[in-house]
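*Asks:* Supplied structure: query_36.cif, mmCIF, C-alpha atoms and all ligand atoms.
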```
data_model
#
loop_
_atom_site.group_PDB
_atom_site.id
_atom_site.type_symbol
_atom_site.label_atom_id
_atom_site.label_comp_id
_atom_site.auth_asym_id
_atom_site.auth_seq_id
_atom_site.Cartn_x
_atom_site.Cartn_y
_atom_site.Cartn_z
ATOM 1 C CA MET A 695 0.000 0.000 0.000
ATOM 2 C CA PRO A 696 1.760 3.221 -1.102
ATOM 3 C CA VAL A 697 2.308 5.328 2.019
ATOM 4 C CA GLU A 698 3.273 8.458 0.061
ATOM 5 C CA GLU A 699 -0.380 9.041 -0.773
ATOM 6 C CA PHE A 700 -1.254 9.223 2.928
ATOM 7 C CA VAL A 701 1.600 11.618 3.750
ATOM 8 C CA ALA A 702 0.871 13.818 0.713
ATOM 9 C CA GLY A 703 -2.800 13.884 1.739
ATOM 10 C CA TRP A 704 -1.858 15.000 5.230
ATOM 11 C CA ILE A 705 0.481 17.850 4.191
ATOM 12 C CA SER A 706 -1.782 19.112 1.422
ATOM 13 C CA GLY A 707 -4.789 19.057 3.748
ATOM 14 C CA ALA A 708 -2.930 21.123 6.346
ATOM 15 C CA LEU A 709 -1.872 23.731 3.762
ATOM 16 C CA GLY A 710 -5.438 24.033 2.477
ATOM 17 C CA LEU A 711 -6.771 24.313 5.994
ATOM 18 C CA VAL A 712 -4.495 27.208 6.992
ATOM 19 C CA LEU A 713 -5.394 29.079 3.822
ATOM 20 C CA GLY A 714 -9.122 28.568 4.283
ATOM 21 C CA TYR A 715 -9.206 29.170 8.031
ATOM 22 C CA PRO A 716 -9.990 32.928 7.895
ATOM 23 C CA PHE A 717 -13.039 32.140 5.719
ATOM 24 C CA ASP A 718 -14.119 29.451 8.160
ATOM 25 C CA THR A 719 -13.885 31.861 11.098
ATOM 26 C CA VAL A 720 -15.999 34.428 9.216
ATOM 27 C CA LYS A 721 -18.539 31.720 8.288
ATOM 28 C CA VAL A 722 -18.883 30.527 11.868
ATOM 29 C CA ARG A 723 -19.184 34.066 13.248
ATOM 30 C CA LEU A 724 -21.858 34.936 10.677
ATOM 31 C CA GLN A 725 -23.774 31.753 11.418
ATOM 32 C CA THR A 726 -23.714 32.144 15.174
ATOM 33 C CA GLN A 727 -23.579 35.875 15.949
ATOM 34 C CA THR A 728 -25.960 38.668 15.074
ATOM 35 C CA THR A 729 -23.592 41.630 15.385
ATOM 36 C CA TYR A 730 -22.337 41.563 11.790
ATOM 37 C CA ARG A 731 -24.104 43.039 8.741
ATOM 38 C CA GLY A 732 -22.398 40.727 6.276
ATOM 39 C CA ILE A 733 -19.152 39.132 5.161
ATOM 40 C CA VAL A 734 -17.204 42.392 4.673
ATOM 41 C CA ASP A 735 -18.461 43.934 7.915
ATOM 42 C CA CYS A 736 -17.410 40.811 9.812
ATOM 43 C CA MET A 737 -13.935 40.860 8.238
ATOM 44 C CA VAL A 738 -13.396 44.553 8.990
ATOM 45 C CA LYS A 739 -14.546 44.254 12.619
ATOM 46 C CA THR A 740 -12.500 41.133 13.261
ATOM 47 C CA TYR A 741 -9.394 42.792 11.812
ATOM 48 C CA ARG A 742 -9.919 46.051 13.769
ATOM 49 C CA HIS A 743 -10.536 44.400 17.135
ATOM 50 C CA GLU A 744 -8.304 41.369 16.963
ATOM 51 C CA SER A 745 -5.803 42.026 14.110
ATOM 52 C CA LEU A 746 -4.992 39.296 11.552
ATOM 53 C CA LEU A 747 -4.571 36.768 14.386
ATOM 54 C CA GLY A 748 -8.314 36.993 15.088
ATOM 55 C CA PHE A 749 -8.954 35.066 11.871
ATOM 56 C CA PHE A 750 -6.835 32.147 13.040
ATOM 57 C CA LYS A 751 -8.305 31.534 16.499
ATOM 58 C CA GLY A 752 -8.592 27.900 17.552
ATOM 59 C CA MET A 753 -6.687 26.535 14.574
ATOM 60 C CA SER A 754 -4.404 24.074 16.405
ATOM 61 C CA PHE A 755 -7.000 21.356 16.896
ATOM 62 C CA PRO A 756 -8.244 21.321 13.279
ATOM 63 C CA ILE A 757 -4.603 21.238 12.105
ATOM 64 C CA ALA A 758 -3.951 18.159 14.219
ATOM 65 C CA SER A 759 -7.111 16.418 13.035
ATOM 66 C CA ILE A 760 -6.692 17.213 9.322
ATOM 67 C CA ALA A 761 -3.510 15.144 9.436
ATOM 68 C CA VAL A 762 -5.588 12.044 10.142
ATOM 69 C CA VAL A 763 -8.656 12.929 8.131
ATOM 70 C CA ASN A 764 -7.068 14.071 4.861
ATOM 71 C CA SER A 765 -4.483 11.327 4.802
ATOM 72 C CA VAL A 766 -7.262 8.761 5.248
ATOM 73 C CA LEU A 767 -9.270 10.387 2.438
ATOM 74 C CA PHE A 768 -6.468 10.627 -0.121
ATOM 75 C CA GLY A 769 -4.785 7.404 0.959
ATOM 76 C CA ILE A 770 -7.983 5.344 0.705
ATOM 77 C CA TYR A 771 -9.025 7.055 -2.536
ATOM 78 C CA SER A 772 -5.730 6.335 -4.237
ATOM 79 C CA ASN A 773 -5.397 2.809 -2.909
ATOM 80 C CA THR A 774 -8.993 1.948 -3.869
ATOM 81 C CA LEU A 775 -8.224 3.136 -7.405
ATOM 82 C CA LEU A 776 -5.121 0.976 -7.342
ATOM 83 C CA ALA A 777 -7.203 -2.036 -6.315
ATOM 84 C CA LEU A 778 -9.889 -1.327 -8.939
ATOM 85 C CA THR A 779 -7.677 -0.482 -11.902
ATOM 86 C CA ALA A 780 -4.291 -1.978 -11.004
ATOM 87 C CA THR A 781 -2.593 1.326 -11.953
ATOM 88 C CA SER A 782 -0.448 3.359 -9.571
ATOM 89 C CA HIS A 783 -0.592 7.160 -9.285
ATOM 90 C CA GLN A 784 2.271 7.512 -11.829
ATOM 91 C CA GLU A 785 0.640 5.230 -14.399
ATOM 92 C CA ARG A 786 -2.741 6.896 -14.186
ATOM 93 C CA ARG A 787 -1.896 9.733 -16.586
ATOM 94 C CA ALA A 788 -1.072 7.284 -19.369
ATOM 95 C CA GLN A 789 -3.996 4.961 -18.579
ATOM 96 C CA PRO A 790 -6.728 7.127 -17.055
ATOM 97 C CA PRO A 791 -9.225 5.210 -14.902
ATOM 98 C CA SER A 792 -12.916 5.302 -15.825
ATOM 99 C CA TYR A 793 -15.174 7.854 -14.154
ATOM 100 C CA THR A 794 -17.112 5.038 -12.499
ATOM 101 C CA HIS A 795 -13.938 3.837 -10.815
ATOM 102 C CA ILE A 796 -13.017 7.385 -9.770
ATOM 103 C CA PHE A 797 -16.487 7.881 -8.307
ATOM 104 C CA ILE A 798 -16.412 4.569 -6.405
ATOM 105 C CA ALA A 799 -12.915 5.316 -5.033
ATOM 106 C CA GLY A 800 -14.000 8.851 -4.006
ATOM 107 C CA CYS A 801 -17.122 7.528 -2.266
ATOM 108 C CA THR A 802 -15.060 4.884 -0.442
ATOM 109 C CA GLY A 803 -12.582 7.540 0.725
ATOM 110 C CA GLY A 804 -15.450 9.807 1.808
ATOM 111 C CA PHE A 805 -17.242 7.008 3.641
ATOM 112 C CA LEU A 806 -14.190 5.932 5.650
ATOM 113 C CA GLN A 807 -12.869 9.417 6.423
ATOM 114 C CA ALA A 808 -16.290 10.378 7.831
ATOM 115 C CA TYR A 809 -15.700 7.906 10.655
ATOM 116 C CA PHE A 810 -12.400 9.613 11.584
ATOM 117 C CA LEU A 811 -13.756 13.108 11.017
ATOM 118 C CA ALA A 812 -16.935 12.675 13.113
ATOM 119 C CA PRO A 813 -15.547 13.277 16.652
ATOM 120 C CA PHE A 814 -13.226 16.097 15.551
ATOM 121 C CA ASP A 815 -16.010 17.783 13.624
ATOM 122 C CA LEU A 816 -18.421 17.442 16.542
ATOM 123 C CA ILE A 817 -15.960 19.156 18.891
ATOM 124 C CA LYS A 818 -15.216 21.891 16.344
ATOM 125 C CA VAL A 819 -18.923 22.644 15.892
ATOM 126 C CA ARG A 820 -19.637 22.642 19.647
ATOM 127 C CA LEU A 821 -16.734 25.043 20.286
ATOM 128 C CA GLN A 822 -17.572 27.256 17.332
ATOM 129 C CA ASN A 823 -21.074 27.652 18.660
ATOM 130 C CA GLN A 824 -19.911 28.982 22.007
ATOM 131 C CA THR A 825 -20.662 32.620 21.412
ATOM 132 C CA GLU A 826 -19.933 33.876 24.909
ATOM 133 C CA PRO A 827 -17.414 36.738 24.896
ATOM 134 C CA ARG A 828 -14.006 36.168 26.468
ATOM 135 C CA ALA A 829 -14.292 35.311 30.156
ATOM 136 C CA LYS A 830 -14.575 38.467 32.265
ATOM 137 C CA PRO A 831 -14.087 38.222 36.025
ATOM 138 C CA GLY A 832 -17.386 37.243 37.610
ATOM 139 C CA SER A 833 -19.099 36.116 34.391
ATOM 140 C CA PRO A 834 -20.007 32.431 34.045
ATOM 141 C CA PRO A 835 -17.381 30.490 32.073
ATOM 142 C CA PRO A 836 -18.361 28.903 28.757
ATOM 143 C CA ARG A 837 -19.499 25.295 28.978
ATOM 144 C CA TYR A 838 -16.380 23.925 27.294
ATOM 145 C CA ARG A 839 -12.949 25.337 28.151
ATOM 146 C CA GLY A 840 -11.251 23.961 25.036
ATOM 147 C CA PRO A 841 -11.109 20.929 22.734
ATOM 148 C CA VAL A 842 -9.759 18.455 25.294
ATOM 149 C CA HIS A 843 -12.221 19.574 27.956
ATOM 150 C CA CYS A 844 -15.021 19.422 25.372
ATOM 151 C CA ALA A 845 -14.128 15.858 24.341
ATOM 152 C CA ALA A 846 -13.828 14.754 27.976
ATOM 153 C CA SER A 847 -17.189 16.323 28.932
ATOM 154 C CA ILE A 848 -19.022 14.712 26.005
ATOM 155 C CA PHE A 849 -17.427 11.377 26.883
ATOM 156 C CA GLN A 850 -18.461 11.676 30.536
ATOM 157 C CA GLU A 851 -21.981 12.982 29.923
ATOM 158 C CA GLU A 852 -22.957 11.035 26.829
ATOM 159 C CA GLY A 853 -20.567 8.067 26.758
ATOM 160 C CA PRO A 854 -18.248 7.103 23.888
ATOM 161 C CA ARG A 855 -21.167 7.020 21.458
ATOM 162 C CA GLY A 856 -21.814 10.677 22.274
ATOM 163 C CA LEU A 857 -18.606 11.539 20.433
ATOM 164 C CA PHE A 858 -20.192 10.188 17.265
ATOM 165 C CA ARG A 859 -23.332 12.322 17.429
ATOM 166 C CA GLY A 860 -24.262 13.397 13.889
ATOM 167 C CA ALA A 861 -21.853 10.839 12.396
ATOM 168 C CA TRP A 862 -24.555 9.240 10.289
ATOM 169 C CA ALA A 863 -25.524 12.599 8.720
ATOM 170 C CA LEU A 864 -21.826 13.291 8.164
ATOM 171 C CA THR A 865 -21.413 9.946 6.374
ATOM 172 C CA LEU A 866 -24.438 10.690 4.189
ATOM 173 C CA ARG A 867 -22.977 14.133 3.445
ATOM 174 C CA ASP A 868 -19.495 12.937 2.536
ATOM 175 C CA THR A 869 -19.924 9.597 0.758
ATOM 176 C CA PRO A 870 -21.509 10.852 -2.496
ATOM 177 C CA THR A 871 -19.967 14.344 -2.376
ATOM 178 C CA MET A 872 -16.414 13.009 -2.134
ATOM 179 C CA GLY A 873 -17.206 10.986 -5.286
ATOM 180 C CA ILE A 874 -18.305 14.265 -6.906
ATOM 181 C CA TYR A 875 -15.156 15.967 -5.564
ATOM 182 C CA PHE A 876 -12.724 13.574 -7.262
ATOM 183 C CA ILE A 877 -14.797 13.217 -10.471
ATOM 184 C CA THR A 878 -14.872 17.002 -10.951
ATOM 185 C CA TYR A 879 -11.140 17.220 -10.340
ATOM 186 C CA GLU A 880 -10.182 14.383 -12.694
ATOM 187 C CA CYS A 881 -12.658 15.436 -15.367
ATOM 188 C CA LEU A 882 -11.422 19.054 -15.498
ATOM 189 C CA CYS A 883 -7.779 17.946 -15.478
ATOM 190 C CA HIS A 884 -8.439 15.446 -18.254
ATOM 191 C CA GLN A 885 -10.242 17.987 -20.437
ATOM 192 C CA SER A 886 -7.506 20.590 -20.374
ATOM 193 C CA THR A 887 -4.444 18.326 -20.582
ATOM 194 C CA PRO A 888 -3.034 16.754 -23.766
ATOM 195 C CA GLU A 889 -3.264 12.945 -23.816
ATOM 196 C CA GLY A 890 -0.699 11.183 -21.595
ATOM 197 C CA GLN A 891 0.760 14.388 -20.094
ATOM 198 C CA ASN A 892 0.639 15.668 -16.518
ATOM 199 C CA PRO A 893 -1.762 18.584 -15.930
ATOM 200 C CA SER A 894 -0.116 22.005 -15.567
ATOM 201 C CA SER A 895 -0.073 23.738 -12.170
ATOM 202 C CA ALA A 896 -2.695 26.223 -13.377
ATOM 203 C CA THR A 897 -4.966 23.346 -14.439
ATOM 204 C CA VAL A 898 -4.532 21.600 -11.083
ATOM 205 C CA LEU A 899 -5.349 24.830 -9.211
ATOM 206 C CA VAL A 900 -8.510 25.510 -11.227
ATOM 207 C CA ALA A 901 -9.677 21.870 -11.251
ATOM 208 C CA GLY A 902 -9.052 21.563 -7.496
ATOM 209 C CA GLY A 903 -10.885 24.828 -6.823
ATOM 210 C CA PHE A 904 -13.936 23.770 -8.814
ATOM 211 C CA ALA A 905 -13.873 20.301 -7.235
ATOM 212 C CA GLY A 906 -14.149 22.061 -3.862
ATOM 213 C CA ILE A 907 -17.027 24.266 -5.002
ATOM 214 C CA THR A 908 -19.132 21.530 -6.671
ATOM 215 C CA SER A 909 -18.704 19.173 -3.735
ATOM 216 C CA TRP A 910 -19.543 21.853 -1.150
ATOM 217 C CA VAL A 911 -22.579 23.084 -3.090
ATOM 218 C CA THR A 912 -23.982 19.546 -3.184
ATOM 219 C CA ALA A 913 -22.963 18.888 0.419
ATOM 220 C CA THR A 914 -24.500 22.021 1.960
ATOM 221 C CA PRO A 915 -28.051 20.710 2.655
ATOM 222 C CA LEU A 916 -26.708 17.729 4.599
ATOM 223 C CA ASP A 917 -24.023 19.929 6.159
ATOM 224 C CA VAL A 918 -26.782 21.990 7.788
ATOM 225 C CA ILE A 919 -28.541 18.839 9.016
ATOM 226 C CA LYS A 920 -25.264 17.389 10.297
ATOM 227 C CA SER A 921 -24.465 20.500 12.356
ATOM 228 C CA ARG A 922 -27.957 20.560 13.813
ATOM 229 C CA MET A 923 -27.752 16.919 14.830
ATOM 230 C CA GLN A 924 -24.361 17.596 16.430
ATOM 231 C CA MET A 925 -25.836 20.443 18.472
ATOM 232 C CA ALA A 926 -28.917 18.407 19.396
ATOM 233 C CA GLY A 927 -29.169 17.548 23.050
ATOM 234 C CA LEU A 928 -27.147 20.617 23.978
ATOM 235 C CA ASN A 929 -29.199 23.705 23.219
ATOM 236 C CA GLN A 930 -31.680 22.369 20.726
ATOM 237 C CA ARG A 931 -34.250 19.647 21.034
ATOM 238 C CA ALA A 932 -32.986 16.200 20.154
ATOM 239 C CA HIS A 933 -34.052 14.940 16.751
ATOM 240 C CA ARG A 934 -35.275 11.401 16.317
ATOM 241 C CA GLY A 935 -33.029 10.918 13.296
ATOM 242 C CA VAL A 936 -31.747 12.473 10.083
ATOM 243 C CA LEU A 937 -35.175 12.418 8.426
ATOM 244 C CA ASP A 938 -36.872 13.981 11.437
ATOM 245 C CA CYS A 939 -34.256 16.745 11.465
ATOM 246 C CA ILE A 940 -34.735 17.413 7.714
ATOM 247 C CA VAL A 941 -38.528 17.566 7.988
ATOM 248 C CA SER A 942 -38.685 19.705 11.128
ATOM 249 C CA SER A 943 -36.012 22.150 9.882
ATOM 250 C CA ALA A 944 -37.828 22.606 6.558
ATOM 251 C CA ARG A 945 -41.217 23.008 8.295
ATOM 252 C CA GLN A 946 -39.984 25.598 10.758
ATOM 253 C CA GLU A 947 -37.637 27.628 8.581
ATOM 254 C CA GLY A 948 -38.531 26.899 4.945
ATOM 255 C CA LEU A 949 -36.366 25.316 2.256
ATOM 256 C CA GLY A 950 -33.836 28.171 2.395
ATOM 257 C CA VAL A 951 -32.460 26.625 5.573
ATOM 258 C CA PHE A 952 -30.677 23.987 3.495
ATOM 259 C CA PHE A 953 -28.473 26.605 1.848
ATOM 260 C CA ARG A 954 -27.137 28.438 4.889
ATOM 261 C CA GLY A 955 -23.474 29.378 4.576
ATOM 262 C CA LEU A 956 -23.370 28.467 0.874
ATOM 263 C CA THR A 957 -21.707 31.704 -0.349
ATOM 264 C CA ILE A 958 -18.890 31.834 2.159
ATOM 265 C CA ASN A 959 -18.419 28.074 1.950
ATOM 266 C CA SER A 960 -17.949 28.273 -1.816
ATOM 267 C CA ALA A 961 -15.581 31.246 -1.503
ATOM 268 C CA ARG A 962 -13.570 29.210 0.987
ATOM 269 C CA ALA A 963 -13.714 25.996 -1.044
ATOM 270 C CA PHE A 964 -11.913 27.374 -4.103
ATOM 271 C CA PRO A 965 -8.547 28.420 -2.583
ATOM 272 C CA VAL A 966 -8.556 25.592 -0.018
ATOM 273 C CA ASN A 967 -8.979 22.823 -2.547
ATOM 274 C CA ALA A 968 -6.839 24.481 -5.230
ATOM 275 C CA VAL A 969 -3.913 24.461 -2.782
ATOM 276 C CA THR A 970 -4.780 20.987 -1.465
ATOM 277 C CA PHE A 971 -4.652 19.384 -4.921
ATOM 278 C CA LEU A 972 -1.636 21.380 -6.090
ATOM 279 C CA SER A 973 0.460 20.372 -3.094
ATOM 280 C CA TYR A 974 -0.806 16.769 -3.251
ATOM 281 C CA GLU A 975 0.208 16.419 -6.914
ATOM 282 C CA TYR A 976 3.478 18.263 -6.326
ATOM 283 C CA LEU A 977 4.510 16.053 -3.397
ATOM 284 C CA LEU A 978 3.695 12.814 -5.180
ATOM 285 C CA HIS A 979 5.637 14.033 -8.212
ATOM 286 C CA LEU A 980 8.583 14.914 -5.987
ATOM 287 C CA TRP A 981 8.678 11.464 -4.354
ATOM 288 C CA GLN A 982 8.438 9.426 -7.542
HETATM 289 C C1 LIG A 1001 -17.241 16.550 0.558
HETATM 290 N N1 LIG A 1001 -17.138 17.852 1.211
HETATM 291 C C2 LIG A 1001 -17.833 18.826 0.379
HETATM 292 C C3 LIG A 1001 -17.855 17.794 2.463
HETATM 293 C C4 LIG A 1001 -15.781 18.236 1.490
HETATM 294 C C5 LIG A 1001 -14.871 18.328 0.275
HETATM 295 C C6 LIG A 1001 -13.611 19.145 0.499
HETATM 296 C C7 LIG A 1001 -12.802 18.852 1.697
HETATM 297 C C8 LIG A 1001 -11.767 19.881 1.992
HETATM 298 N N2 LIG A 1001 -10.854 19.411 2.994
HETATM 299 C C9 LIG A 1001 -12.374 21.198 2.452
HETATM 300 O O1 LIG A 1001 -12.347 21.479 3.652
HETATM 301 O O2 LIG A 1001 -12.879 21.963 1.641
#
```
I'd like the structure from this file rewritten - as structure tokens, please.
*Replies:*
Amino acid sequence: MPVEEFVAGWISGALGLVLGYPFDTVKVRLQTQTTYRGIVDCMVKTYRHESLLGFFKGMSFPIASIAVVNSVLFGIYSNTLLALTATSHQERRAQPPSYTHIFIAGCTGGFLQAYFLAPFDLIKVRLQNQTEPRAKPGSPPPRYRGPVHCAASIFQEEGPRGLFRGAWALTLRDTPTMGIYFITYECLCHQSTPEGQNPSSATVLVAGGFAGITSWVTATPLDVIKSRMQMAGLNQRAHRGVLDCIVSSARQEGLGVFFRGLTINSARAFPVNAVTFLSYEYLLHLWQ
């Protein structure tokens, strides 16, 4: 099993994450706080009050988890393709795999990474939704003091299964959309590259960027449901299941609810995934 694919997945994921983090902070603040008029207003206020560092708050935990999650995704994707087509990463340019195989490998990667991502994502969402201002003397502290405390509290209060709250919605979100992610990437690369050659850096950047956008656009409805299920039991009523959450959210807030965060998510997806794919391809090329 080629290990390079796992390591390249890890490094490229971390680079993409750092680049996209300011967008993620703005997205979370817009979704959870009412003090901002829009994306630009949020950026200006964050910069004025907290300087550039304000955009990178709480990044250490996601950086640590992306190492596991992205290496599982890219490692499983590439090794599934190897099993299906018997061609290694180097040989794939000369003998491109079929789109069905790419889709199956992407779905497999998405399905398995969801299992690793679930607890990290749950903790991220719970912490991001703590909107209390910084602790002032005398004010009650936020429920979770940080990622480790958050994980320990969930474990104590809800048991080990509590750490996998929303995991089923996450799996439903990621299995097909990771197939879409890799198909978009490979398809765009294939279309703008002469037969048998490696795609240029510009092609990889654009194809990676669009792969991010198409997969996030299709993932957004279940992303909303996933986050709501992860928050359930804390400050919202518990849902009986994914379907119950879909129906009650649509009834109470209309169909628009399924597209919350779409604009900022797409703006984030382009640079993040452009850099992720460029560094992934570059590293594998370097190690050949
Ligand atoms: C499949 N889904 C759309 C959920 C994610 C696809 C892109 C994953 C990437 N690490 C990012 O954070 O953008």
*Asks:* If the PyMOL selection byres (((not hetatm)) within 7 of (chain A and resi 1001)) is run on the structure shown, which residues does it catch, given as a PDB file with C-alpha atoms, in the coordinates of the input?
*Replies:*
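Written file, expr_5.pdb:
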```pdb
ATOM      1  CA  GLY A 707      -4.789  19.057   3.748  1.00  0.00           C
ATOM      2  CA  LEU A 711      -6.771  24.313   5.994  1.00  0.00           C
ATOM      3  CA  ASN A 764      -7.068  14.071   4.861  1.00  0.00           C
ATOM      4  CA  ARG A 867     -22.977  14.133   3.445  1.00  0.00           C
ATOM      5  CA  ASP A 868     -19.495  12.937   2.536  1.00  0.00           C
ATOM      6  CA  THR A 871     -19.967  14.344  -2.376  1.00  0.00           C
ATOM      7  CA  MET A 872     -16.414  13.009  -2.134  1.00  0.00           C
ATOM      8  CA  TYR A 875     -15.156  15.967  -5.564  1.00  0.00           C
ATOM      9  CA  GLY A 906     -14.149  22.061  -3.862  1.00  0.00           C
ATOM     10  CA  SER A 909     -18.704  19.173  -3.735  1.00  0.00           C
ATOM     11  CA  TRP A 910     -19.543  21.853  -1.150  1.00  0.00           C
ATOM     12  CA  ALA A 913     -22.963  18.888   0.419  1.00  0.00           C
ATOM     13  CA  ALA A 963     -13.714  25.996  -1.044  1.00  0.00           C
ATOM     14  CA  VAL A 966      -8.556  25.592  -0.018  1.00  0.00           C
ATOM     15  CA  ASN A 967      -8.979  22.823  -2.547  1.00  0.00           C
TER      16      ASN A 967
END
```
*Asks:* Hey, what's within 10 Å of range 916-921 of chain A if we count all atoms listed in the file and toss same-chain stuff fewer than 5 positions away? As a list in words, please?
*Replies:* Ala812, Asp815, Leu816, Val819, Arg820, Arg859, Gly860, Ala861, Trp862, Ala863, Leu864, Thr865, Leu866, Arg867, Asp868, Trp910, Val911, Ala926, Val936, Leu937, Asp938, Cys939, Ile940, Ser943, Val951, Phe952, Phe953, Arg954 and Gly955 of chain A
*Asks:* CA of Glu880 in chain A to CA of Tyr974 in chain A: how many Å, to one decimal?
*Replies:* 13.5 Å
*Asks:* Counting all atoms listed in the file, figure out which residue out of A:Val969, A:Val738, A:Ile848, A:Val762 gets nearest to Tyr809 in chain A.
*Replies:*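 Looking only at the distances to Tyr809 in chain A, the closest residue turns out to be A:Val762.
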*Asks:* I'd like the neighbourhood of His783 in chain A as a list in words, where a residue qualifies if any of its atoms comes within 9 Å (using all atoms listed in the file), though same-chain residues fewer than 4 positions away should be ignored.
*Replies:* Glu699, Ser772, Leu775, Leu776, Arg787 and Leu978 of chain A
*Asks:* Please enclose the listed atoms of range 938-942 of chain A in an axis-aligned box, pad each side by 4 Å, and write out the centre and the three edge lengths in Å, rounded to one decimal, as AutoDock Vina command-line options.
*Replies:*
```
--center_x -36.5 --center_y 16.8 --center_z 9.6 --size_x 12.4 --size_y 13.7 --size_z 11.8
```
*Asks:* Rounded to one decimal in Å, what is the spacing between CA of Thr908 in chain A and CA of Cys883 in chain A?
*Replies:*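 CA of Thr908 in chain A sits 14.8 Å away from CA of Cys883 in chain A.
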*Asks:* Pull out every residue that the PyMOL selection byres (((chain A and resi 881) around 12) and not hetatm) matches in the shown coordinates and put them as an NGL selection string.
*Replies:* :A and (790-794 or 796-797 or 873-880 or 882-887 or 893 or 897-898 or 900-902 or 904-905)
